[in-house]
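Novice: I'm passing along target-v1.txt; it holds compact mmCIF, N, CA and C atoms.
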# COMPACT_ATOMS: atom_id res chain seq x y z
N GLU A 1 30.00 11.70 -32.23
CA GLU A 1 30.23 13.00 -32.84
C GLU A 1 29.64 13.03 -34.24
N LYS A 2 29.77 11.91 -34.97
CA LYS A 2 29.24 11.85 -36.32
C LYS A 2 27.72 11.99 -36.31
N ALA A 3 27.06 11.34 -35.37
CA ALA A 3 25.60 11.43 -35.27
C ALA A 3 25.18 12.86 -34.95
N LYS A 4 25.93 13.54 -34.12
CA LYS A 4 25.62 14.94 -33.78
C LYS A 4 25.73 15.83 -35.01
N GLU A 5 26.74 15.57 -35.84
CA GLU A 5 26.94 16.37 -37.05
C GLU A 5 25.85 16.11 -38.07
N ASN A 6 25.47 14.84 -38.23
CA ASN A 6 24.50 14.46 -39.26
C ASN A 6 23.07 14.82 -38.90
N ALA A 7 22.74 14.88 -37.64
CA ALA A 7 21.37 15.18 -37.22
C ALA A 7 21.39 16.05 -35.97
N PRO A 8 21.74 17.33 -36.13
CA PRO A 8 21.78 18.19 -34.94
C PRO A 8 20.40 18.35 -34.32
N LEU A 9 20.32 18.15 -33.03
CA LEU A 9 19.08 18.28 -32.29
C LEU A 9 19.31 19.26 -31.16
N PRO A 10 18.87 20.50 -31.31
CA PRO A 10 19.12 21.50 -30.27
C PRO A 10 18.58 21.05 -28.90
N GLY A 11 19.40 21.20 -27.89
CA GLY A 11 19.00 20.83 -26.53
C GLY A 11 19.13 19.35 -26.24
N MET A 12 19.65 18.58 -27.19
CA MET A 12 19.82 17.14 -26.98
C MET A 12 21.29 16.79 -27.15
N ASP A 13 21.71 15.70 -26.52
CA ASP A 13 23.08 15.26 -26.62
C ASP A 13 23.09 13.75 -26.71
N ILE A 14 24.17 13.19 -27.21
CA ILE A 14 24.35 11.75 -27.29
C ILE A 14 25.45 11.39 -26.31
N ASN A 15 25.11 10.54 -25.35
CA ASN A 15 26.07 10.14 -24.32
C ASN A 15 25.94 8.65 -24.04
N PRO A 16 27.05 7.97 -23.74
CA PRO A 16 26.95 6.57 -23.33
C PRO A 16 26.53 6.48 -21.86
N TYR A 17 25.62 5.59 -21.56
CA TYR A 17 25.14 5.36 -20.20
C TYR A 17 24.99 3.86 -19.98
N PRO A 18 25.05 3.40 -18.74
CA PRO A 18 24.72 2.00 -18.46
C PRO A 18 23.26 1.74 -18.84
N LEU A 19 22.98 0.55 -19.34
CA LEU A 19 21.65 0.23 -19.85
C LEU A 19 20.56 0.45 -18.81
N GLY A 20 20.78 0.02 -17.57
CA GLY A 20 19.75 0.19 -16.53
C GLY A 20 19.42 1.65 -16.29
N GLY A 21 20.44 2.49 -16.25
CA GLY A 21 20.22 3.91 -16.02
C GLY A 21 19.49 4.58 -17.17
N ILE A 22 19.88 4.24 -18.39
CA ILE A 22 19.23 4.87 -19.54
C ILE A 22 17.81 4.35 -19.69
N PHE A 23 17.56 3.09 -19.36
CA PHE A 23 16.19 2.57 -19.42
C PHE A 23 15.31 3.31 -18.41
N ARG A 24 15.83 3.54 -17.22
CA ARG A 24 15.08 4.28 -16.20
C ARG A 24 14.76 5.70 -16.70
N MET A 25 15.77 6.35 -17.30
CA MET A 25 15.54 7.68 -17.85
C MET A 25 14.49 7.65 -18.95
N TRP A 26 14.52 6.61 -19.80
CA TRP A 26 13.53 6.46 -20.87
C TRP A 26 12.13 6.28 -20.28
N ALA A 27 12.03 5.45 -19.24
CA ALA A 27 10.73 5.19 -18.61
C ALA A 27 10.16 6.45 -17.97
N GLU A 28 11.03 7.36 -17.56
CA GLU A 28 10.59 8.62 -16.94
C GLU A 28 10.50 9.75 -17.97
N ASP A 29 10.58 9.41 -19.25
CA ASP A 29 10.54 10.39 -20.35
C ASP A 29 11.64 11.44 -20.26
N SER A 30 12.81 11.02 -19.74
CA SER A 30 13.96 11.93 -19.65
C SER A 30 15.00 11.63 -20.72
N ALA A 31 14.79 10.57 -21.50
CA ALA A 31 15.76 10.18 -22.51
C ALA A 31 15.03 9.45 -23.64
N VAL A 32 15.71 9.36 -24.76
CA VAL A 32 15.21 8.61 -25.91
C VAL A 32 16.23 7.52 -26.19
N ILE A 33 15.75 6.31 -26.41
CA ILE A 33 16.63 5.21 -26.80
C ILE A 33 16.34 4.94 -28.27
N ILE A 34 17.35 5.09 -29.10
CA ILE A 34 17.19 4.87 -30.53
C ILE A 34 17.94 3.58 -30.89
N PRO A 35 17.21 2.57 -31.32
CA PRO A 35 17.87 1.30 -31.64
C PRO A 35 18.65 1.35 -32.95
N ASN A 36 19.49 0.38 -33.11
CA ASN A 36 20.27 0.18 -34.32
C ASN A 36 19.31 -0.15 -35.47
N LYS A 37 19.38 0.59 -36.57
CA LYS A 37 18.46 0.38 -37.70
C LYS A 37 18.57 -1.04 -38.24
N LYS A 38 19.76 -1.55 -38.38
CA LYS A 38 19.94 -2.91 -38.90
C LYS A 38 19.23 -3.92 -37.99
N SER A 39 19.32 -3.72 -36.69
CA SER A 39 18.68 -4.66 -35.75
C SER A 39 17.17 -4.59 -35.81
N ILE A 40 16.60 -3.39 -35.97
CA ILE A 40 15.13 -3.34 -36.04
C ILE A 40 14.63 -4.00 -37.32
N ILE A 41 15.39 -3.90 -38.39
CA ILE A 41 15.00 -4.57 -39.64
C ILE A 41 15.10 -6.08 -39.46
N GLN A 42 16.18 -6.54 -38.81
CA GLN A 42 16.34 -7.98 -38.55
C GLN A 42 15.25 -8.51 -37.62
N ALA A 43 14.69 -7.62 -36.81
CA ALA A 43 13.61 -8.03 -35.90
C ALA A 43 12.24 -7.96 -36.56
N GLY A 44 12.19 -7.52 -37.83
CA GLY A 44 10.93 -7.54 -38.56
C GLY A 44 10.39 -6.21 -39.02
N ALA A 45 11.06 -5.11 -38.72
CA ALA A 45 10.59 -3.80 -39.19
C ALA A 45 10.84 -3.70 -40.70
N PRO A 46 10.01 -2.93 -41.40
CA PRO A 46 10.25 -2.75 -42.84
C PRO A 46 11.56 -2.00 -43.08
N PRO A 47 12.20 -2.22 -44.23
CA PRO A 47 13.50 -1.60 -44.51
C PRO A 47 13.51 -0.07 -44.43
N MET A 48 12.41 0.58 -44.67
CA MET A 48 12.37 2.04 -44.64
C MET A 48 11.97 2.58 -43.26
N ALA A 49 11.87 1.71 -42.26
CA ALA A 49 11.45 2.13 -40.92
C ALA A 49 12.45 3.12 -40.32
N ASN A 50 11.91 4.11 -39.65
CA ASN A 50 12.72 5.08 -38.93
C ASN A 50 13.01 4.52 -37.54
N PRO A 51 14.27 4.42 -37.12
CA PRO A 51 14.57 3.88 -35.79
C PRO A 51 13.99 4.70 -34.63
N MET A 52 13.77 6.01 -34.86
CA MET A 52 13.19 6.85 -33.81
C MET A 52 11.82 6.31 -33.44
N GLY A 53 11.59 6.09 -32.16
CA GLY A 53 10.30 5.60 -31.70
C GLY A 53 10.14 4.10 -31.72
N GLN A 54 11.11 3.38 -32.26
CA GLN A 54 11.04 1.91 -32.30
C GLN A 54 11.56 1.33 -30.98
N GLN A 55 11.07 0.16 -30.64
CA GLN A 55 11.57 -0.55 -29.47
C GLN A 55 12.95 -1.11 -29.76
N VAL A 56 13.78 -1.22 -28.75
CA VAL A 56 15.11 -1.81 -28.91
C VAL A 56 14.95 -3.32 -29.00
N PRO A 57 15.32 -3.92 -30.14
CA PRO A 57 15.17 -5.37 -30.26
C PRO A 57 16.30 -6.11 -29.55
N LEU A 58 15.96 -7.28 -29.07
CA LEU A 58 16.93 -8.18 -28.45
C LEU A 58 16.78 -9.54 -29.11
N PHE A 59 17.84 -10.30 -29.13
CA PHE A 59 17.82 -11.62 -29.75
C PHE A 59 18.36 -12.64 -28.74
N ALA A 60 17.71 -13.81 -28.68
CA ALA A 60 18.11 -14.83 -27.71
C ALA A 60 17.89 -16.22 -28.29
N CYS A 61 18.62 -17.17 -27.77
CA CYS A 61 18.43 -18.58 -28.08
C CYS A 61 18.33 -19.31 -26.75
N MET A 62 17.14 -19.84 -26.47
CA MET A 62 16.89 -20.48 -25.17
C MET A 62 17.84 -21.64 -24.90
N GLU A 63 18.29 -22.30 -25.95
CA GLU A 63 19.13 -23.49 -25.77
C GLU A 63 20.57 -23.18 -25.35
N ILE A 64 20.97 -21.91 -25.37
CA ILE A 64 22.37 -21.61 -25.01
C ILE A 64 22.49 -20.95 -23.64
N ALA A 65 21.44 -21.03 -22.83
CA ALA A 65 21.55 -20.51 -21.47
C ALA A 65 22.64 -21.28 -20.74
N GLN A 66 23.36 -20.58 -19.88
CA GLN A 66 24.41 -21.20 -19.08
C GLN A 66 24.05 -21.04 -17.61
N GLU A 67 24.69 -21.82 -16.77
CA GLU A 67 24.43 -21.73 -15.34
C GLU A 67 25.39 -20.76 -14.68
N ASP A 68 24.87 -20.00 -13.69
CA ASP A 68 25.75 -19.15 -12.91
C ASP A 68 26.38 -19.97 -11.79
N GLU A 69 27.11 -19.33 -10.89
CA GLU A 69 27.82 -20.05 -9.83
C GLU A 69 26.89 -20.79 -8.88
N ASN A 70 25.59 -20.41 -8.86
CA ASN A 70 24.61 -21.08 -7.99
C ASN A 70 23.78 -22.12 -8.74
N GLY A 71 24.12 -22.37 -10.01
CA GLY A 71 23.39 -23.35 -10.80
C GLY A 71 22.12 -22.80 -11.44
N LYS A 72 21.91 -21.50 -11.33
CA LYS A 72 20.72 -20.86 -11.90
C LYS A 72 20.98 -20.56 -13.38
N PRO A 73 20.02 -20.86 -14.28
CA PRO A 73 20.25 -20.57 -15.69
C PRO A 73 20.29 -19.07 -15.98
N VAL A 74 21.22 -18.68 -16.84
CA VAL A 74 21.38 -17.30 -17.27
C VAL A 74 21.32 -17.27 -18.79
N LEU A 75 20.35 -16.54 -19.32
CA LEU A 75 20.14 -16.46 -20.76
C LEU A 75 20.76 -15.18 -21.31
N PRO A 76 21.72 -15.31 -22.24
CA PRO A 76 22.29 -14.10 -22.83
C PRO A 76 21.30 -13.46 -23.80
N LEU A 77 21.16 -12.14 -23.72
CA LEU A 77 20.31 -11.37 -24.63
C LEU A 77 21.23 -10.46 -25.45
N PHE A 78 21.13 -10.57 -26.76
CA PHE A 78 22.02 -9.86 -27.68
C PHE A 78 21.27 -8.72 -28.35
N PHE A 79 21.97 -7.63 -28.61
CA PHE A 79 21.39 -6.47 -29.28
C PHE A 79 21.50 -6.57 -30.80
N GLU A 80 22.32 -7.49 -31.28
CA GLU A 80 22.49 -7.68 -32.72
C GLU A 80 22.33 -9.16 -33.05
N LEU A 81 21.59 -9.43 -34.13
CA LEU A 81 21.31 -10.80 -34.53
C LEU A 81 22.59 -11.59 -34.79
N GLU A 82 23.57 -10.96 -35.43
CA GLU A 82 24.82 -11.67 -35.73
C GLU A 82 25.51 -12.17 -34.46
N ASP A 83 25.46 -11.37 -33.40
CA ASP A 83 26.08 -11.79 -32.14
C ASP A 83 25.37 -13.02 -31.58
N ALA A 84 24.04 -13.05 -31.68
CA ALA A 84 23.29 -14.22 -31.20
C ALA A 84 23.62 -15.44 -32.05
N GLN A 85 23.68 -15.27 -33.36
CA GLN A 85 24.01 -16.38 -34.25
C GLN A 85 25.43 -16.88 -34.01
N ASN A 86 26.36 -15.97 -33.74
CA ASN A 86 27.73 -16.38 -33.43
C ASN A 86 27.80 -17.15 -32.11
N ALA A 87 26.99 -16.74 -31.14
CA ALA A 87 26.96 -17.46 -29.85
C ALA A 87 26.40 -18.87 -30.04
N VAL A 88 25.39 -19.00 -30.89
CA VAL A 88 24.84 -20.33 -31.20
C VAL A 88 25.91 -21.19 -31.85
N SER A 89 26.61 -20.63 -32.83
CA SER A 89 27.69 -21.38 -33.52
C SER A 89 28.76 -21.82 -32.54
N GLN A 90 29.11 -20.93 -31.61
CA GLN A 90 30.12 -21.26 -30.61
C GLN A 90 29.61 -22.37 -29.68
N ALA A 91 28.35 -22.28 -29.26
CA ALA A 91 27.78 -23.32 -28.39
C ALA A 91 27.77 -24.66 -29.10
N VAL A 92 27.42 -24.67 -30.38
CA VAL A 92 27.39 -25.91 -31.16
C VAL A 92 28.79 -26.47 -31.29
N SER A 93 29.79 -25.62 -31.49
CA SER A 93 31.16 -26.12 -31.63
C SER A 93 31.67 -26.74 -30.34
N PHE A 94 31.19 -26.23 -29.19
CA PHE A 94 31.62 -26.79 -27.90
C PHE A 94 30.80 -28.01 -27.49
N ASP A 95 29.49 -27.94 -27.71
CA ASP A 95 28.58 -28.97 -27.18
C ASP A 95 28.04 -29.93 -28.23
N GLY A 96 28.27 -29.66 -29.50
CA GLY A 96 27.76 -30.52 -30.56
C GLY A 96 26.36 -30.10 -31.00
N GLY A 97 25.87 -30.78 -32.01
CA GLY A 97 24.56 -30.46 -32.56
C GLY A 97 24.70 -29.70 -33.86
N LYS A 98 23.55 -29.21 -34.35
CA LYS A 98 23.51 -28.45 -35.59
C LYS A 98 22.96 -27.06 -35.29
N ALA A 99 23.62 -26.04 -35.78
CA ALA A 99 23.19 -24.67 -35.53
C ALA A 99 21.77 -24.43 -36.01
N GLU A 100 21.36 -25.06 -37.12
CA GLU A 100 20.01 -24.86 -37.64
C GLU A 100 18.92 -25.44 -36.73
N ASP A 101 19.31 -26.26 -35.77
CA ASP A 101 18.33 -26.80 -34.79
C ASP A 101 18.10 -25.83 -33.63
N PHE A 102 18.86 -24.76 -33.57
CA PHE A 102 18.75 -23.78 -32.49
C PHE A 102 18.03 -22.55 -33.02
N GLU A 103 16.93 -22.19 -32.39
CA GLU A 103 16.15 -21.05 -32.85
C GLU A 103 16.53 -19.78 -32.09
N VAL A 104 16.85 -18.74 -32.86
CA VAL A 104 17.09 -17.42 -32.27
C VAL A 104 15.76 -16.68 -32.33
N VAL A 105 15.29 -16.23 -31.18
CA VAL A 105 14.01 -15.53 -31.09
C VAL A 105 14.24 -14.06 -30.76
N GLY A 106 13.24 -13.26 -31.07
CA GLY A 106 13.34 -11.84 -30.79
C GLY A 106 12.38 -11.40 -29.71
N LEU A 107 12.78 -10.42 -28.95
CA LEU A 107 11.92 -9.73 -28.00
C LEU A 107 12.43 -8.30 -27.93
N ASN A 108 11.76 -7.45 -27.19
CA ASN A 108 12.26 -6.08 -27.11
C ASN A 108 12.64 -5.75 -25.68
N LEU A 109 13.34 -4.64 -25.53
CA LEU A 109 13.89 -4.25 -24.23
C LEU A 109 12.82 -4.11 -23.15
N PRO A 110 11.70 -3.42 -23.40
CA PRO A 110 10.67 -3.34 -22.34
C PRO A 110 10.12 -4.72 -21.95
N GLU A 111 9.97 -5.64 -22.92
CA GLU A 111 9.52 -6.99 -22.59
C GLU A 111 10.52 -7.68 -21.67
N ALA A 112 11.81 -7.56 -21.99
CA ALA A 112 12.84 -8.20 -21.17
C ALA A 112 12.85 -7.63 -19.76
N VAL A 113 12.74 -6.32 -19.63
CA VAL A 113 12.71 -5.69 -18.31
C VAL A 113 11.47 -6.13 -17.54
N SER A 114 10.34 -6.22 -18.22
CA SER A 114 9.11 -6.69 -17.58
C SER A 114 9.26 -8.12 -17.08
N LEU A 115 9.86 -8.97 -17.91
CA LEU A 115 10.09 -10.36 -17.48
C LEU A 115 10.99 -10.41 -16.26
N LEU A 116 12.02 -9.58 -16.25
CA LEU A 116 12.94 -9.55 -15.11
C LEU A 116 12.28 -9.05 -13.84
N THR A 117 11.48 -8.00 -13.96
CA THR A 117 10.87 -7.41 -12.77
C THR A 117 9.75 -8.26 -12.21
N ASN A 118 9.14 -9.10 -13.05
CA ASN A 118 8.04 -9.94 -12.59
C ASN A 118 8.46 -11.38 -12.34
N ALA A 119 9.75 -11.67 -12.48
CA ALA A 119 10.25 -13.04 -12.36
C ALA A 119 10.36 -13.46 -10.90
N LYS A 120 10.15 -14.73 -10.71
CA LYS A 120 10.39 -15.33 -9.40
C LYS A 120 11.88 -15.70 -9.34
N GLU A 121 12.39 -15.86 -8.14
CA GLU A 121 13.84 -16.09 -7.98
C GLU A 121 14.35 -17.32 -8.71
N GLU A 122 13.54 -18.37 -8.83
CA GLU A 122 14.05 -19.61 -9.41
C GLU A 122 14.03 -19.61 -10.95
N THR A 123 13.55 -18.54 -11.56
CA THR A 123 13.49 -18.50 -13.01
C THR A 123 14.82 -18.09 -13.61
N THR A 124 14.89 -18.18 -14.92
CA THR A 124 16.10 -17.83 -15.65
C THR A 124 16.42 -16.35 -15.50
N ALA A 125 17.67 -16.06 -15.30
CA ALA A 125 18.14 -14.68 -15.28
C ALA A 125 18.61 -14.32 -16.69
N PHE A 126 18.75 -13.04 -16.95
CA PHE A 126 19.24 -12.56 -18.24
C PHE A 126 20.60 -11.92 -18.07
N GLN A 127 21.38 -12.00 -19.13
CA GLN A 127 22.65 -11.27 -19.22
C GLN A 127 22.59 -10.46 -20.51
N PHE A 128 22.58 -9.14 -20.40
CA PHE A 128 22.57 -8.30 -21.59
C PHE A 128 23.99 -8.24 -22.13
N VAL A 129 24.16 -8.66 -23.37
CA VAL A 129 25.48 -8.74 -23.99
C VAL A 129 25.65 -7.54 -24.93
N PRO A 130 26.62 -6.68 -24.65
CA PRO A 130 26.81 -5.51 -25.53
C PRO A 130 27.18 -5.95 -26.94
N PRO A 131 26.76 -5.19 -27.93
CA PRO A 131 27.10 -5.55 -29.32
C PRO A 131 28.60 -5.58 -29.55
N LYS A 132 29.03 -6.61 -30.26
CA LYS A 132 30.45 -6.73 -30.60
C LYS A 132 30.91 -5.49 -31.36
N SER A 133 30.05 -4.97 -32.25
CA SER A 133 30.43 -3.79 -33.03
C SER A 133 30.66 -2.58 -32.13
N SER A 134 29.88 -2.45 -31.07
CA SER A 134 30.07 -1.33 -30.14
C SER A 134 31.37 -1.48 -29.36
N LEU A 135 31.64 -2.69 -28.93
CA LEU A 135 32.88 -2.94 -28.19
C LEU A 135 34.10 -2.66 -29.07
N GLU A 136 34.02 -3.06 -30.35
CA GLU A 136 35.12 -2.80 -31.27
C GLU A 136 35.30 -1.30 -31.50
N HIS A 137 34.19 -0.58 -31.62
CA HIS A 137 34.26 0.86 -31.82
C HIS A 137 34.93 1.54 -30.61
N ILE A 138 34.53 1.14 -29.42
CA ILE A 138 35.11 1.72 -28.21
C ILE A 138 36.60 1.38 -28.13
N ARG A 139 36.93 0.14 -28.40
CA ARG A 139 38.35 -0.27 -28.36
C ARG A 139 39.17 0.53 -29.36
N ASP A 140 38.65 0.68 -30.59
CA ASP A 140 39.38 1.43 -31.61
C ASP A 140 39.53 2.89 -31.21
N TYR A 141 38.50 3.46 -30.62
CA TYR A 141 38.55 4.85 -30.18
C TYR A 141 39.61 5.04 -29.09
N LEU A 142 39.62 4.10 -28.12
CA LEU A 142 40.54 4.23 -27.01
C LEU A 142 42.00 3.97 -27.38
N THR A 143 42.20 3.14 -28.39
CA THR A 143 43.57 2.81 -28.78
C THR A 143 44.10 3.72 -29.89
N GLY A 144 43.24 4.61 -30.38
CA GLY A 144 43.67 5.60 -31.37
C GLY A 144 43.73 5.03 -32.71
Let me see whether you can do it: turn the structure in this file into structure tokens.
Specialist:
Amino acid sequence: EKAKENAPLPGMDINPYPLGGIFRMWAEDSAVIIPNKKSIIQAGAPPMANPMGQQVPLFACMEIAQEDENGKPVLPLFFELEDAQNAVSQAVSFDGGKAEDFEVVGLNLPEAVSLLTNAKEETTAFQFVPPKSSLEHIRDYLTG
């Protein structure tokens, strides 16, 4: 509601959708995906960059992939750098090592979808992890 008030766009609306559905709508030019400004800056955009038209950045650490029930590696992809860094810290606390030895890398949403659609079955799968800040916002909204 706040975004609607601050930047009214006639004929447009802001709605939550599952990532796969909204990506499909974006690919068909039926929707616009506007990334988090803080995340695009953390991914290398200049501080004055306008989020409109920017790719949605994702952050990952290859060393924290986990296995699914079939033993296949699953790599978590985070929408916010802090979430990726927190996952690395958690992995280090469970498995040992030094967090500074784990590299968090960036990629964007179309790259991740391309990797998924062109992947062979035995390759690593991805798990898109919703931002902690979004989950907290939803929880706060629902609990009043």
Novice: Give me the residues within 10 Å of Glu63 of chain A as a ChimeraX atom specification, counting only C-alpha atoms and dropping any in the same chain fewer than 5 places off.
Specialist: /A:75,88,91,101-104
Novice: Run DSSP on the backbone and give me the residues of segment 6-119 of chain A it puts in strand (DSSP E), as number ranges by chain.
Specialist: A: 57-60, 66-67, 73-78, 105-108
Novice: When DSSP is applied to the backbone of this structure, which of segment 24-73 of chain A are assigned helix (DSSP H, G or I)? Write them out as a list of chain:residue names.
Specialist: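 Listing helix (DSSP H, G or I) positions across segment 24-73 of chain A yields A:Arg24, A:Met25, A:Trp26, A:Ala27, A:Lys37, A:Lys38, A:Ser39, A:Ile40, A:Ile41, A:Gln42, A:Met62, A:Glu63, A:Ile64.
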Novice: Rounded to one decimal place, report the atom CA of Pro73 of chain A-atom CA of Val129 of chain A distance in Å.
Specialist: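 Between these atoms lies a distance of 15.4 Å.
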Novice: Could you check the closest approach to Asp83 of chain A for each of A:Gly21, A:Thr143, A:Ala31, A:Phe59 and tell me which residue wins, using all atoms listed in the file?
Specialist: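 Looking only at the distances to Asp83 of chain A, the closest residue turns out to be A:Phe59.
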Novice: Just need the box for segment 106-117 of chain A, edges along x, y and z, holding every atom the file lists for it with 6 Å tacked onto each side, so centre and edge lengths in Å to one decimal, as AutoDock Vina command-line options.
Specialist:
--center_x 11.5 --center_y -8.3 --center_z -21.6 --size_x 16.8 --size_y 21.9 --size_z 30.9
Novice: Would you mind telling me which residue in A:Ile138, A:Ile33, A:Asn70, A:Ser39 lies nearest to Gly53 of chain A when using all atoms listed in the file?
Specialist: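 Answer, going by the shortest atom-to-atom distance: A:Ile33.
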Novice: Counting only C-alpha atoms, write as an MDAnalysis selection string all protein and nucleic acid residues lying at most 12 Å from (29.1, -2.9, -36.7) in the file's frame.
Specialist: chainID A and resid 36:39 79:83 130:138
Novice: Keeping only N, CA and C atoms, write the selected residues as a compact mmCIF listing (two decimals), in the coordinates of the input.
Specialist:
# COMPACT_ATOMS: atom_id res chain seq x y z
N ASN A 36 19.49 0.38 -33.11
CA ASN A 36 20.27 0.18 -34.32
C ASN A 36 19.31 -0.15 -35.47
N LYS A 37 19.38 0.59 -36.57
CA LYS A 37 18.46 0.38 -37.70
C LYS A 37 18.57 -1.04 -38.24
N LYS A 38 19.76 -1.55 -38.38
CA LYS A 38 19.94 -2.91 -38.90
C LYS A 38 19.23 -3.92 -37.99
N SER A 39 19.32 -3.72 -36.69
CA SER A 39 18.68 -4.66 -35.75
C SER A 39 17.17 -4.59 -35.81
N PHE A 79 21.97 -7.63 -28.61
CA PHE A 79 21.39 -6.47 -29.28
C PHE A 79 21.50 -6.57 -30.80
N GLU A 80 22.32 -7.49 -31.28
CA GLU A 80 22.49 -7.68 -32.72
C GLU A 80 22.33 -9.16 -33.05
N LEU A 81 21.59 -9.43 -34.13
CA LEU A 81 21.31 -10.80 -34.53
C LEU A 81 22.59 -11.59 -34.79
N GLU A 82 23.57 -10.96 -35.43
CA GLU A 82 24.82 -11.67 -35.73
C GLU A 82 25.51 -12.17 -34.46
N ASP A 83 25.46 -11.37 -33.40
CA ASP A 83 26.08 -11.79 -32.14
C ASP A 83 25.37 -13.02 -31.58
N PRO A 130 26.62 -6.68 -24.65
CA PRO A 130 26.81 -5.51 -25.53
C PRO A 130 27.18 -5.95 -26.94
N PRO A 131 26.76 -5.19 -27.93
CA PRO A 131 27.10 -5.55 -29.32
C PRO A 131 28.60 -5.58 -29.55
N LYS A 132 29.03 -6.61 -30.26
CA LYS A 132 30.45 -6.73 -30.60
C LYS A 132 30.91 -5.49 -31.36
N SER A 133 30.05 -4.97 -32.25
CA SER A 133 30.43 -3.79 -33.03
C SER A 133 30.66 -2.58 -32.13
N SER A 134 29.88 -2.45 -31.07
CA SER A 134 30.07 -1.33 -30.14
C SER A 134 31.37 -1.48 -29.36
N LEU A 135 31.64 -2.69 -28.93
CA LEU A 135 32.88 -2.94 -28.19
C LEU A 135 34.10 -2.66 -29.07
N GLU A 136 34.02 -3.06 -30.35
CA GLU A 136 35.12 -2.80 -31.27
C GLU A 136 35.30 -1.30 -31.50
N HIS A 137 34.19 -0.58 -31.62
CA HIS A 137 34.26 0.86 -31.82
C HIS A 137 34.93 1.54 -30.61
N ILE A 138 34.53 1.14 -29.42
CA ILE A 138 35.11 1.72 -28.21
C ILE A 138 36.60 1.38 -28.13
Novice: State, in Å with one decimal place, the distance from atom CA of Gly44 of chain A to atom CA of Leu77 of chain A.
Specialist: 17.2 Å
Novice: I'd like the interatomic distance between atom C of Ile34 of chain A and atom CA of Met62 of chain A, to a tenth of an Å.
Specialist: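 Computing it gives 24.8 Å between the two atoms.
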Novice: Would you fill out segment 92-104 of chain A with N, CA, C and O atoms and return it as a PDB file, keeping the file's coordinate frame?
Specialist:
ATOM      1  N   VAL A  92      27.420 -24.670 -30.380  1.00  0.00           N
ATOM      2  CA  VAL A  92      27.390 -25.910 -31.160  1.00  0.00           C
ATOM      3  C   VAL A  92      28.790 -26.470 -31.290  1.00  0.00           C
ATOM      4  O   VAL A  92      29.000 -27.686 -31.168  1.00  0.00           O
ATOM      5  N   SER A  93      29.790 -25.620 -31.490  1.00  0.00           N
ATOM      6  CA  SER A  93      31.160 -26.120 -31.630  1.00  0.00           C
ATOM      7  C   SER A  93      31.670 -26.740 -30.340  1.00  0.00           C
ATOM      8  O   SER A  93      32.465 -27.673 -30.371  1.00  0.00           O
ATOM      9  N   PHE A  94      31.190 -26.230 -29.190  1.00  0.00           N
ATOM     10  CA  PHE A  94      31.620 -26.790 -27.900  1.00  0.00           C
ATOM     11  C   PHE A  94      30.800 -28.010 -27.490  1.00  0.00           C
ATOM     12  O   PHE A  94      31.337 -28.978 -26.984  1.00  0.00           O
ATOM     13  N   ASP A  95      29.490 -27.940 -27.710  1.00  0.00           N
ATOM     14  CA  ASP A  95      28.580 -28.970 -27.180  1.00  0.00           C
ATOM     15  C   ASP A  95      28.040 -29.930 -28.230  1.00  0.00           C
ATOM     16  O   ASP A  95      27.365 -30.894 -27.884  1.00  0.00           O
ATOM     17  N   GLY A  96      28.270 -29.660 -29.500  1.00  0.00           N
ATOM     18  CA  GLY A  96      27.760 -30.520 -30.560  1.00  0.00           C
ATOM     19  C   GLY A  96      26.360 -30.100 -31.000  1.00  0.00           C
ATOM     20  O   GLY A  96      25.759 -29.185 -30.447  1.00  0.00           O
ATOM     21  N   GLY A  97      25.870 -30.780 -32.010  1.00  0.00           N
ATOM     22  CA  GLY A  97      24.560 -30.460 -32.560  1.00  0.00           C
ATOM     23  C   GLY A  97      24.700 -29.700 -33.860  1.00  0.00           C
ATOM     24  O   GLY A  97      25.790 -29.545 -34.404  1.00  0.00           O
ATOM     25  N   LYS A  98      23.550 -29.210 -34.350  1.00  0.00           N
ATOM     26  CA  LYS A  98      23.510 -28.450 -35.590  1.00  0.00           C
ATOM     27  C   LYS A  98      22.960 -27.060 -35.290  1.00  0.00           C
ATOM     28  O   LYS A  98      21.904 -26.942 -34.654  1.00  0.00           O
ATOM     29  N   ALA A  99      23.620 -26.040 -35.780  1.00  0.00           N
ATOM     30  CA  ALA A  99      23.190 -24.670 -35.530  1.00  0.00           C
ATOM     31  C   ALA A  99      21.770 -24.430 -36.010  1.00  0.00           C
ATOM     32  O   ALA A  99      21.002 -23.700 -35.384  1.00  0.00           O
ATOM     33  N   GLU A 100      21.360 -25.060 -37.120  1.00  0.00           N
ATOM     34  CA  GLU A 100      20.010 -24.860 -37.640  1.00  0.00           C
ATOM     35  C   GLU A 100      18.920 -25.440 -36.730  1.00  0.00           C
ATOM     36  O   GLU A 100      17.741 -25.115 -36.891  1.00  0.00           O
ATOM     37  N   ASP A 101      19.310 -26.260 -35.770  1.00  0.00           N
ATOM     38  CA  ASP A 101      18.330 -26.800 -34.790  1.00  0.00           C
ATOM     39  C   ASP A 101      18.100 -25.830 -33.630  1.00  0.00           C
ATOM     40  O   ASP A 101      17.231 -26.086 -32.795  1.00  0.00           O
ATOM     41  N   PHE A 102      18.860 -24.760 -33.570  1.00  0.00           N
ATOM     42  CA  PHE A 102      18.750 -23.780 -32.490  1.00  0.00           C
ATOM     43  C   PHE A 102      18.030 -22.550 -33.020  1.00  0.00           C
ATOM     44  O   PHE A 102      18.488 -21.927 -33.976  1.00  0.00           O
ATOM     45  N   GLU A 103      16.930 -22.190 -32.390  1.00  0.00           N
ATOM     46  CA  GLU A 103      16.150 -21.050 -32.850  1.00  0.00           C
ATOM     47  C   GLU A 103      16.530 -19.780 -32.090  1.00  0.00           C
ATOM     48  O   GLU A 103      16.542 -19.743 -30.868  1.00  0.00           O
ATOM     49  N   VAL A 104      16.850 -18.740 -32.860  1.00  0.00           N
ATOM     50  CA  VAL A 104      17.090 -17.420 -32.270  1.00  0.00           C
ATOM     51  C   VAL A 104      15.760 -16.680 -32.330  1.00  0.00           C
ATOM     52  O   VAL A 104      15.155 -16.558 -33.395  1.00  0.00           O
TER      53      VAL A 104
END
